[in-house]
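Asker: Okay, here's the structure, questions in a sec.
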Amino acid sequence: MNRKKTLFISLAILLAGSLITLVIFNTEPTASRSGASVETAMLVDVIQVERDTYTPTIRATGTVEPSQDIMLSPRVEGEIIDRSENFTPGGYVKKGEILLQIDPSDYQNTLQQRKSELRRAEADLTIEMGQQNIAEQDYALLDDTLTGETKALVLREPQLNTARAMVESARASLRQAELNVERTTIRAPFDAYILSRNANIGSQVSPGDDLGRLVGLETYWVSATVPASNLRWISIPNNGEDGAEVTIRNRTAWNDDEHRMGRIHRLVGALEDQTRMARLLISVPDPLSYQTENSGRPPLMLGSFVETRIQADELPDVIRLNRDYVRQNDTVWVMEQGTLQIREADILFRDADYAYITEGLEDGDQVVTTNLSTVVEGSPLRVDGSEPAETGIPDE
């Protein structure tokens with residue numbers, strides 16, 4: 001009896017559980033959409049662009065080198081007996097200033113000998129001319145006609161020509177002796193800065209010896225390289241015209257506000273072997289700030305590495321846009337009526353900072369400057385301070 005009662009109770013519990021489970025599944029709530037979902041427009045920053053005429057700046061790096069650079073050498077040999085105090089490394093000398101004096105004694109003696117030889121040759125010529133006059137008188141008394149060669153011998157024409165040649169030779173020797181005396185005095189060939197000195201009082205020097213290195217004070221060159229494609233935008237002097245203006249800075253040695261000005265001097269007509277870039281020579285006047293008007297300006301040091309900014313030709317009727325805002329494949333993002341538009345840009349020229357656009361943008365266009373993770377044309381956009389755009393999705 002107890003077993004039957006227990007079985008009955010168990011069956012009743014199972015049946016009740018099944019009924020409860022069935023009720024729960026039949027009464028489970030179902031999800032349904034209510035109202036509309038909201039898609040918020042992306043917040044972006046924009047700039048408004050305008051067409052205008054702009055002057056780009058082409059940046060390039062270069063090395064400072066002298067425009068005049070010589071190794072000073074003597075043209076006669078001898079002992080150095082005097083030296084200018086300015087002829088020392090770091091010194092400045094004027095054109096024609098005496099730098100070194102070679103002992104002129106031997107050359108002055110030779111000069112006196114050449115003067116004597118000239119006087120003797122002139123005297124011999126005078127005597128020979130007198131002999132010719134006598135010969136002409138004697139020939140006139142003969143009252144005879146001789147052939148051309150015989151007549152010349154009778155009139156002593158060969159002797160006269162020889163005497164004249166001796167005078168000319170003596171004069172040439174005298175001029176050479178005078179030149180040698182002048183060459184014992186070594187002068188500066190131009191306004192110069194002394195880089196090195198290799199001779200002192202007592203030094204024995206010969207033609208071709210290295211006495212020192214001089215560079216011109218008037219101008220230095222900055223040798224800069226630029227892409228060959230940029231040359232058409234750079235004014236290179238021709239027929240006396242001025243070249244493009246160039247600003248020169250030395251970031252490692254000068255203060256940030258210090259610079260020197262120069263101009264394009266020449267285009268070197270060959271590309272660099274390694275970089276295949278074009279080489280320009282930039283002329284910088286008074287590079288060492290030697291003149292009073294340049295006092296206080298930073299001097300250029302030979303061999304230093306500098307940054308140049310070359311003023312390119314004007315570009316009329318273009319839109320200038322920061323290069324960061326030109327997207328992949330030369331496209332530009334534009335906000336038009338609250339949506340994203342992707343425009344293809346026709347870029348005429350690029351410098352280090354900007355792209356100069358002729359087609360693809362117009363006056364008043366709002367260019368998106370914000371970097372977007374999702375770029376789909378037609379996506380809704382908004383700027384700070386504007387009402388966010390919403391798109392409604394109908395209820396289901």
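Ordering of the structure tokens sets the chain letters (A, B, ...), residue numbers begin anew at 1 in every chain, and ligands are numbered from 1 in the order given.
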Show me, as a list in words, the residues that have an atom within 10 Å of stretch 95-97 of chain A when counting only C-alpha atoms, minus same-chain residues fewer than 6 positions from it.

Answerer: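 Close residues of stretch 95-97 of chain A: Ser84, Asn86, Phe87, Thr185, Ile186, Arg187, Ala188, Pro189, Phe190, Asp191, Ala192 and Gly216 of chain A.
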
Asker: For A:Gln291, work out the shell of residues within 10 Å, counting only C-alpha atoms and skipping chain neighbours fewer than 4 positions away, then give it as a PyMOL selection string.

Answerer: chain A and resi 217-218+285-287+295

Asker: Export C-alpha atoms of the chosen residues as an mmCIF file, in the first residue's frame?

Answerer:
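Output (part-v2.cif):
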```
data_model
loop_
_atom_site.group_PDB
_atom_site.id
_atom_site.type_symbol
_atom_site.label_atom_id
_atom_site.label_comp_id
_atom_site.auth_asym_id
_atom_site.auth_seq_id
_atom_site.Cartn_x
_atom_site.Cartn_y
_atom_site.Cartn_z
ATOM 1 C CA LEU A 217 85.358 87.219 -49.397
ATOM 2 C CA GLU A 218 82.883 88.523 -51.943
ATOM 3 C CA PRO A 285 77.104 87.862 -50.921
ATOM 4 C CA ASP A 286 79.467 88.800 -48.077
ATOM 5 C CA PRO A 287 79.159 85.328 -46.512
ATOM 6 C CA SER A 295 77.457 93.250 -39.220
#
```

Asker: For the interface of stretch 274-350 of chain A with stretch 238-257 of chain A (cut-off 10 Å, counting only C-alpha atoms), please tabulate each contacting residue of stretch 274-350 of chain A alongside its nearest pair of atoms and their separation in Å to one decimal, rows sorted by chain and increasing number, as a Markdown table.

Answerer:
```
| residue | atom | partner | partner_atom | distance |
| --- | --- | --- | --- | --- |
| A:Ile282 | CA | A:Val246 | CA | 7.6 |
| A:Ser283 | CA | A:Val246 | CA | 9.1 |
| A:Val284 | CA | A:Ile248 | CA | 9.1 |
| A:Arg297 | CA | A:Trp254 | CA | 9.9 |
| A:Pro298 | CA | A:Trp254 | CA | 7.0 |
| A:Pro299 | CA | A:Trp254 | CA | 9.3 |
| A:Leu300 | CA | A:Asn250 | CA | 8.7 |
| A:Met301 | CA | A:Ala253 | CA | 9.7 |
| A:Ser304 | CA | A:Asn250 | CA | 8.2 |
| A:Phe305 | CA | A:Asn250 | CA | 7.1 |
| A:Val306 | CA | A:Asn250 | CA | 4.8 |
| A:Glu307 | CA | A:Arg249 | CA | 5.2 |
| A:Thr308 | CA | A:Ile248 | CA | 4.6 |
| A:Arg309 | CA | A:Thr247 | CA | 5.1 |
| A:Ile310 | CA | A:Val246 | CA | 4.5 |
| A:Gln311 | CA | A:Glu245 | CA | 5.6 |
| A:Ala312 | CA | A:Ala244 | CA | 7.0 |
| A:Asp313 | CA | A:Ala244 | CA | 8.2 |
```

Asker: Atoms to include: C-alpha atoms. Write the selected residues as a compact mmCIF listing (two decimals), in the first residue's frame.

Answerer:
```txt
# COMPACT_ATOMS: atom_id res chain seq x y z
CA ILE A 282 73.09 79.64 -54.78
CA SER A 283 75.15 82.83 -54.49
CA VAL A 284 75.41 84.43 -51.02
CA ARG A 297 74.47 88.48 -39.34
CA PRO A 298 75.58 84.86 -38.88
CA PRO A 299 78.60 83.89 -41.01
CA LEU A 300 78.57 80.94 -43.37
CA MET A 301 81.14 78.25 -42.61
CA SER A 304 78.54 73.31 -43.35
CA PHE A 305 75.21 71.63 -44.11
CA VAL A 306 72.37 74.16 -44.48
CA GLU A 307 68.67 74.28 -45.29
CA THR A 308 67.51 76.38 -48.22
CA ARG A 309 64.04 77.64 -49.08
CA ILE A 310 63.80 78.61 -52.74
CA GLN A 311 61.04 80.99 -53.77
CA ALA A 312 59.30 79.37 -56.74
CA ASP A 313 57.38 81.14 -59.50
```

Asker: Excluding same-chain residues fewer than 3 positions from stretch 337-346 of chain A, what lies within 9 Å of it counting only C-alpha atoms, as a list in words?

Answerer: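 Here the qualifying residues turn out to be Ala41, Val326, Asn329, Asp330, Thr331, Val332, Trp333, Val334, Tyr356, Ile357, Thr358, Glu359, Gly360, Leu361, Val368, Val375, Val376, Glu377, Gly378, Ser379, Pro380, Leu381, Arg382, Val383 and Ala389 of chain A.
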
Asker: Using the selection just defined, write its residues with C-alpha atoms as an mmCIF file, in the first residue's frame.

Answerer:
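Once written, again.cif looks like this:
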```cif
data_model
loop_
_atom_site.group_PDB
_atom_site.id
_atom_site.type_symbol
_atom_site.label_atom_id
_atom_site.label_comp_id
_atom_site.auth_asym_id
_atom_site.auth_seq_id
_atom_site.Cartn_x
_atom_site.Cartn_y
_atom_site.Cartn_z
ATOM 1 C CA ALA A 41 26.303 61.966 -38.090
ATOM 2 C CA VAL A 326 45.127 65.287 -49.601
ATOM 3 C CA ASN A 329 45.071 58.597 -54.776
ATOM 4 C CA ASP A 330 45.034 62.429 -54.727
ATOM 5 C CA THR A 331 41.488 62.683 -53.409
ATOM 6 C CA VAL A 332 39.976 65.275 -51.072
ATOM 7 C CA TRP A 333 37.103 64.838 -48.623
ATOM 8 C CA VAL A 334 34.492 67.577 -48.898
ATOM 9 C CA TYR A 356 48.338 73.501 -55.213
ATOM 10 C CA ILE A 357 45.108 72.320 -56.867
ATOM 11 C CA THR A 358 43.699 73.469 -60.200
ATOM 12 C CA GLU A 359 40.658 71.150 -60.544
ATOM 13 C CA GLY A 360 38.453 69.249 -58.107
ATOM 14 C CA LEU A 361 37.788 72.046 -55.612
ATOM 15 C CA VAL A 368 37.218 67.795 -44.128
ATOM 16 C CA VAL A 375 35.073 56.556 -45.368
ATOM 17 C CA VAL A 376 31.898 56.032 -47.375
ATOM 18 C CA GLU A 377 30.670 58.634 -49.821
ATOM 19 C CA GLY A 378 27.364 60.057 -48.679
ATOM 20 C CA SER A 379 27.993 59.411 -44.986
ATOM 21 C CA PRO A 380 26.328 62.065 -42.790
ATOM 22 C CA LEU A 381 28.651 64.658 -41.283
ATOM 23 C CA ARG A 382 28.315 67.485 -38.835
ATOM 24 C CA VAL A 383 30.608 70.147 -37.432
ATOM 25 C CA ALA A 389 21.661 64.752 -38.315
#
```

Asker: Would you please work out which residue, of A:Ile24, A:Leu214, A:Leu72, A:Val367, is nearest to A:Ala199 when using only C-alpha atoms?

Answerer: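 Among A:Ile24, A:Leu214, A:Leu72, A:Val367, it is A:Leu72 that comes nearest to A:Ala199.
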
Asker: Extract the full set of helix (DSSP H, G or I) residues from stretch 263-336 of chain A according to DSSP on the backbone, and format it as a list in words.

Answerer: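 Residues of stretch 263-336 of chain A classed as helix (DSSP H, G or I): Thr292, Glu293, Asn294, Arg323, Asp324 and Tyr325 of chain A.
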
Asker: I want to know what sits within 12 Å of A:Gln112, based on only C-alpha atoms, with residues of the same chain fewer than 3 positions away left out; could you give that as a PyMOL selection string?

Answerer: chain A and resi 105-109+115-119+170+173-178+181

Asker: From the set A:Leu125, A:Ala172, A:Met335, A:Ile81, which residue has the shortest atom-to-atom contact distance to A:Val49, counting only C-alpha atoms?

Answerer: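 Ranked by minimum distance to A:Val49, first place goes to A:Met335.
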
Asker: Distance atom CA of A:Gln113-atom CA of A:Gln204, one decimal place?

Answerer: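 Value for the atom CA of A:Gln113-atom CA of A:Gln204 distance: 24.5 Å.
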
Asker: Calculate how many Å separate atom CA of A:Asn200 from atom CA of A:Arg213, rounding to one decimal.

Answerer: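 Answer for the atom CA of A:Asn200 to atom CA of A:Arg213 separation: 14.1 Å.
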
Asker: What is the distance between atom CA of A:Glu65 and atom CA of A:Ser223, in Å to one decimal?

Answerer: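 Atom-to-atom, atom CA of A:Glu65 and atom CA of A:Ser223 are spaced 7.2 Å apart.
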